[in-house]
Amino acid sequence: MLGREPNHFELAVFSLLWSEHCGYKHSAPLLRRLPSAGERVLQGPGENAGVIDIGDGVAVAFKVESHNHPSAVEPFQGAATGVGGILRDIVAMGARPIAILDGLRFGAPDWAFRRAVAGIAHYGNCTGVATVGGEAVFDEAYEHNCLVNAMCVGLLPSSRLLAARARGEGNLIVLYGATTGRDGIGGASVLASQELGEGADEKRPSVQVGDPFTGKKLIESSLELVEGGLVASLQDCGAAGLASALAEMARDGAGVDVSLDLVPLREDAMEPWEIMISESQERMVAVVKPERLAEVESVLDKWELHHAVLGSVTDTGELRCFFHGDLEGAIPASLLTDECPRYEVEQEPQPARARTAVAAANHENKAWIYEQYDQLVQSRTVRRPGLDGAVLRLLPSCRGLAVSLDGPRVGELDPFSAGAGAVLGAAMNVACAGGEPLALTDCLNFGNPEKPEIGWELAQAIEGIAQAAEALGIPVVSGNVSLYNETDGRAIPPTPVVGCVGLVADVREIPSRWRSGDSILLAEAGESLGEQIALIEFLWRSAPVLSLAHDVSDGVERAITEAAAWSSAEAEVALPADPAGAAVVLAVSPDQVPGLGWERLVVIGRVI
């Protein structure tokens with residue numbers, strides 16, 4: 001493609017940008033099946049995060065990302081830097097992060113799990129972003145390959161959407177934030193795009209080291225630059241570091257020239273290729289007009305952040321890197337992005353497999369997990385984590401966002417059901433919190449896609465997500481694919497995790513806790529997709545009159561127990577048989593029961 005032999009520097013760049021984690025080479029053709037358009041969509045897949053318009057001049061940016069292999073090798077820093085990375089993705093869109101959600105799947109609530117929770121708490125709490133939702137699932141299938149999926153939600157004016165593209169020949173490329181070291185080199189390839197196995201501990205140097213206090217300064221300085229109109233575009237230095245950030249900026253016909261010897265370093269004698277692909281955390285790249293540079297530097301000095309002008313935007317279409325005046329590499333940016341290899345995965349359908357047993361740890365109280373997270377910082381949280389979706393107020397109005405992050409039911413082995421179920425579960429949680437589901441983000445966690453049975457699982461799960469999203473009439477606007485989740489040849493179960501954002505008309509009128517004298521009802525839907533979608537719509541439309549709504553995902557008795565604990569009030573209930581399809585436990589004042597208007601609705605008890 002280059003028309004010549006690539007040198008060592010260029011090979012290092014290609015190795016990262018053509019990794020599965022960066023290039024989506026086994027998944028991109030399949031992902032085209034997902035619906036991504038809609039009247040509210042301001043930015044769909046392809047940028048740092050998806051963005052939707054929620055009216056009144058407000059837009060929501062959100063995305064979920066994986067940090068699985070780093071968390072398996074070093075759980076605290078792996079999980080912490082997963083949070084840091086998704087925060088910067090939202091900031092790169094010009095949005096202020098307001099909420100974090102995390103999806104955790106481990107073999108047991110053991111030391112590794114506790115360290116991952118501590119890492120999430122450390123980063124989120126230090127940066128002042130509320131952690132309000134997610135899930136914690138325990139299954140021996142994840143014992144050696146845990147899943148840590150982090151979702152972030154942010155707000156921005158709908159008229160101020162940023163893109164990560166380099167624009168304007170002669171504009172300056174400014175790197176700012178933390179210094180660059182050797183931590184995280186090869187994270188996207190050595191860790192994220194290979195199976196785990198014997199010797200995985202030796203990959204620990206490829207795990208980034210997070211500094212949430214610098215991360216907080218990066219958030220505030222970036223937003224000050226954006227709000228002041230001082231930058232033309234922003235890009236996070238995430239997977240593959242500068243290599244990815246600069247290649248993304250130089251695509252679409254622009255070009256970028258940079259001098260890597262100008263990068264602020266924290267280690268001596270770093271080679272140019274090391275500087276280029278280091279994944280040191282808390283760094284951003286901005287495109288700045290020359291006449292605004294002094295103002296930009298003033299902001300960065302105020303926040304005490306390292307910064308340097310590395311080069312400029314060109315019209316060559318190439319990513320050209322120099323070191324002390326010597327040209328180290330020159331690569332057409334399109335070869336690293338749009339022309340990355342794409343493979344049609346082989347698919348070998350598998351026989352139907354029954355769900356596996358649910359570990360007892362999944363039924364234990366998980367409050368000890370989310371109580372480590374700051375749930376109230378920024379003073380937006382109306383409904384805390386612990387039951388279905390969380391709700392955040394859209395200050396200064398009384399509108400709100402309902403948010404949820406959900407995966408397939410524990411032990412689910414059918415990939416289509418896993419995909420559809422994750423969408424329906426996330427949307428149901430949002431509806432139970434009083435929100436109308438508007439859009440989705442997904443994180444697809446699977447084994448090695450080069451195995452035909454895994455290729456089939458991935459395709460089936462995407463089809464399940466697509467059909468459920470189409471039935472709901474809402475788009476998938478962002479996401480992430482995490483493949484090669486295998487240890488010594490053993491793959492994790494198909495685990496698509498889906499985040500949903502919904503709009504709450506009035507946060508003063510949402511289901512909360514059941515109250516003394518309330519009637520307790522069970523609303524059922526059949527197993528068909530259409531009936532489950534109708535139940536979701538019934539829920540969010542009925543929200544203003546409901547005291548409580550809770551999804552039945554693991555039996556009616558379990559749902560009642562969880563609702564009672566959440567409400568701190570006991571109830572007398574005649575337990576019915578567990579429904580075959582979707583169902584929700586409702587609590588409502590007895591005089592409101594006749595007007596609910598759901599056909600399959602039965603009173604099963606009352607609150608004492």
# chains A, B, ... in the order shown; residues from 1 in each chain; ligands from 1
call {"tool": "select_by_dssp", "arguments": {"residues": "stretch 96-343 of chain A", "states": "helix (DSSP H, G or I)", "output": "JSON, numbers by chain"}}
result
{"A": [111, 112, 113, 114, 115, 116, 117, 118, 119, 120, 121, 122, 123, 124, 125, 126, 127, 140, 141, 142, 187, 188, 189, 190, 191, 200, 201, 202, 203, 204, 205, 206, 212, 213, 214, 215, 216, 217, 218, 219, 220, 221, 222, 223, 224, 225, 226, 227, 241, 242, 243, 244, 245, 246, 247, 248, 249, 250, 260, 261, 262, 272, 273, 274, 275, 276, 277, 290, 291, 292, 293, 294, 295, 296, 297, 298, 299, 300, 301, 302, 333, 334, 335, 336]}
call {"tool": "residues_around", "arguments": {"residues": "stretch 496-508 of chain A", "least_positions_apart": "5", "cutoff": "6 Å", "atoms": "only C-alpha atoms", "output": "list in words"}}
result
Cys398, Arg399, Gly400, Leu401, Ala402, Val403, Ser404, Leu405, Asp406, Gly407, Gly419, Ala422, Val423, Ala426, Ala427, Gly434, Gly435, Glu436, Pro437, Leu438, Ala439, Leu440, Thr441, Asp442, Cys443, Leu444 and Asn445 of chain A
call {"tool": "select_by_dssp", "arguments": {"residues": "stretch 471-564 of chain A", "states": "strand (DSSP E or B)", "output": "PyMOL selection string"}}
result
chain A and resi 476-482+486-487+490-491+495-504+519-524+548-551
call {"tool": "residues_around", "arguments": {"residues": "A:Val299", "least_positions_apart": "3", "cutoff": "8 Å", "atoms": "only C-alpha atoms", "output": "PyMOL selection string"}}
result
chain A and resi 221+224-225+295-296+302-303
call {"tool": "residues_around", "arguments": {"residues": "A:Pro579", "least_positions_apart": "3", "cutoff": "8 Å", "atoms": "only C-alpha atoms", "output": "PDB file with all heavy atoms, in the first residue's frame"}}
result
ATOM      1  N   GLU A 524     -47.525  -8.189  32.868  1.00  0.00           N
ATOM      2  CA  GLU A 524     -46.819  -9.178  32.057  1.00  0.00           C
ATOM      3  C   GLU A 524     -46.921  -8.857  30.569  1.00  0.00           C
ATOM      4  O   GLU A 524     -47.876  -8.226  30.113  1.00  0.00           O
ATOM      5  CB  GLU A 524     -47.393 -10.577  32.295  1.00  0.00           C
ATOM      6  CG  GLU A 524     -47.165 -11.131  33.681  1.00  0.00           C
ATOM      7  CD  GLU A 524     -47.605 -12.585  33.781  1.00  0.00           C
ATOM      8  OE1 GLU A 524     -47.170 -13.389  32.929  1.00  0.00           O
ATOM      9  OE2 GLU A 524     -48.392 -12.904  34.691  1.00  0.00           O
ATOM     10  N   GLY A 555     -37.055 -13.736  38.383  1.00  0.00           N
ATOM     11  CA  GLY A 555     -38.155 -14.289  39.155  1.00  0.00           C
ATOM     12  C   GLY A 555     -38.902 -13.230  39.943  1.00  0.00           C
ATOM     13  O   GLY A 555     -38.329 -12.224  40.376  1.00  0.00           O
ATOM     14  N   ALA A 582     -41.590 -11.156  29.493  1.00  0.00           N
ATOM     15  CA  ALA A 582     -41.191 -10.004  30.300  1.00  0.00           C
ATOM     16  C   ALA A 582     -42.281  -9.674  31.312  1.00  0.00           C
ATOM     17  O   ALA A 582     -43.472  -9.920  31.084  1.00  0.00           O
ATOM     18  CB  ALA A 582     -40.928  -8.805  29.396  1.00  0.00           C
ATOM     19  N   ALA A 583     -41.868  -9.112  32.437  1.00  0.00           N
ATOM     20  CA  ALA A 583     -42.817  -8.716  33.469  1.00  0.00           C
ATOM     21  C   ALA A 583     -42.209  -7.622  34.326  1.00  0.00           C
ATOM     22  O   ALA A 583     -40.985  -7.488  34.426  1.00  0.00           O
ATOM     23  CB  ALA A 583     -43.213  -9.914  34.330  1.00  0.00           C
TER      24      ALA A 583
END
call {"tool": "residues_around", "arguments": {"residues": "A:Glu364", "least_positions_apart": "5", "cutoff": "12 Å", "atoms": "only C-alpha atoms", "output": "PyMOL selection string"}}
result
chain A and resi 108-109+136-138+358-359+369+558+561-562+565
call {"tool": "write_last_selection", "arguments": {"atoms": "C-alpha atoms", "output": "compact mmCIF listing (two decimals), in the first residue's frame"}}
result
# COMPACT_ATOMS: atom_id res chain seq x y z
CA ALA A 108 -16.61 -14.02 42.01
CA PRO A 109 -16.60 -10.98 44.32
CA ALA A 136 -22.16 -6.47 38.76
CA VAL A 137 -22.45 -10.08 37.60
CA PHE A 138 -20.60 -13.12 38.92
CA VAL A 358 -26.87 -18.51 38.46
CA ALA A 359 -24.17 -18.16 41.12
CA ILE A 369 -20.28 -1.88 45.71
CA ARG A 558 -36.54 -11.88 43.80
CA THR A 561 -37.52 -8.78 47.73
CA GLU A 562 -35.44 -6.15 45.92
CA ALA A 565 -35.39 -3.50 50.38
call {"tool": "residues_around", "arguments": {"residues": "A:Gly133", "least_positions_apart": "6", "cutoff": "10 Å", "atoms": "only C-alpha atoms", "output": "short mmCIF file (atom, residue, chain, number, x, y, z; two decimals) with C-alpha atoms, in the first residue's frame"}}
result
data_model
loop_
_atom_site.label_atom_id
_atom_site.label_comp_id
_atom_site.auth_asym_id
_atom_site.auth_seq_id
_atom_site.Cartn_x
_atom_site.Cartn_y
_atom_site.Cartn_z
CA ALA A 99 -22.52 10.47 34.92
CA ILE A 100 -20.56 7.21 34.83
CA LEU A 101 -22.02 3.70 34.63
CA ASP A 102 -20.02 0.50 34.82
CA GLY A 103 -20.70 -3.06 33.72
CA MET A 151 -20.11 4.24 30.08
CA TYR A 370 -22.08 1.28 44.63
CA TYR A 373 -19.06 5.67 44.42
CA GLN A 375 -23.53 9.29 43.49
CA ARG A 384 -29.68 6.87 42.90
CA PRO A 385 -28.28 3.51 41.77
CA GLY A 386 -29.64 0.29 43.22
CA LEU A 387 -32.84 -0.45 41.30
CA ASP A 388 -33.22 -0.33 37.50
CA GLY A 389 -32.22 3.04 35.95
CA ALA A 390 -30.86 6.19 37.57
CA VAL A 391 -32.24 9.68 36.89
CA VAL A 403 -29.77 6.08 32.18
CA SER A 404 -29.01 2.37 32.37
CA LEU A 405 -26.27 -0.10 31.41
CA ASP A 406 -27.36 -3.72 31.11
#
call {"tool": "residues_around", "arguments": {"residues": "A:Ala37", "least_positions_apart": "6", "cutoff": "9 Å", "atoms": "only C-alpha atoms", "output": "ChimeraX atom specification"}}
result
/A:44,474-477
call {"tool": "closest_residue", "arguments": {"among": "A:Leu424, A:Ile560, A:Ala243, A:Leu262", "to": "A:Glu274", "atoms": "only C-alpha atoms"}}
result
A:Ala243
call {"tool": "closest_residue", "arguments": {"among": "A:Tyr484, A:Trp273, A:Phe213, A:Trp566", "to": "A:Phe14", "atoms": "only C-alpha atoms"}}
result
A:Trp273
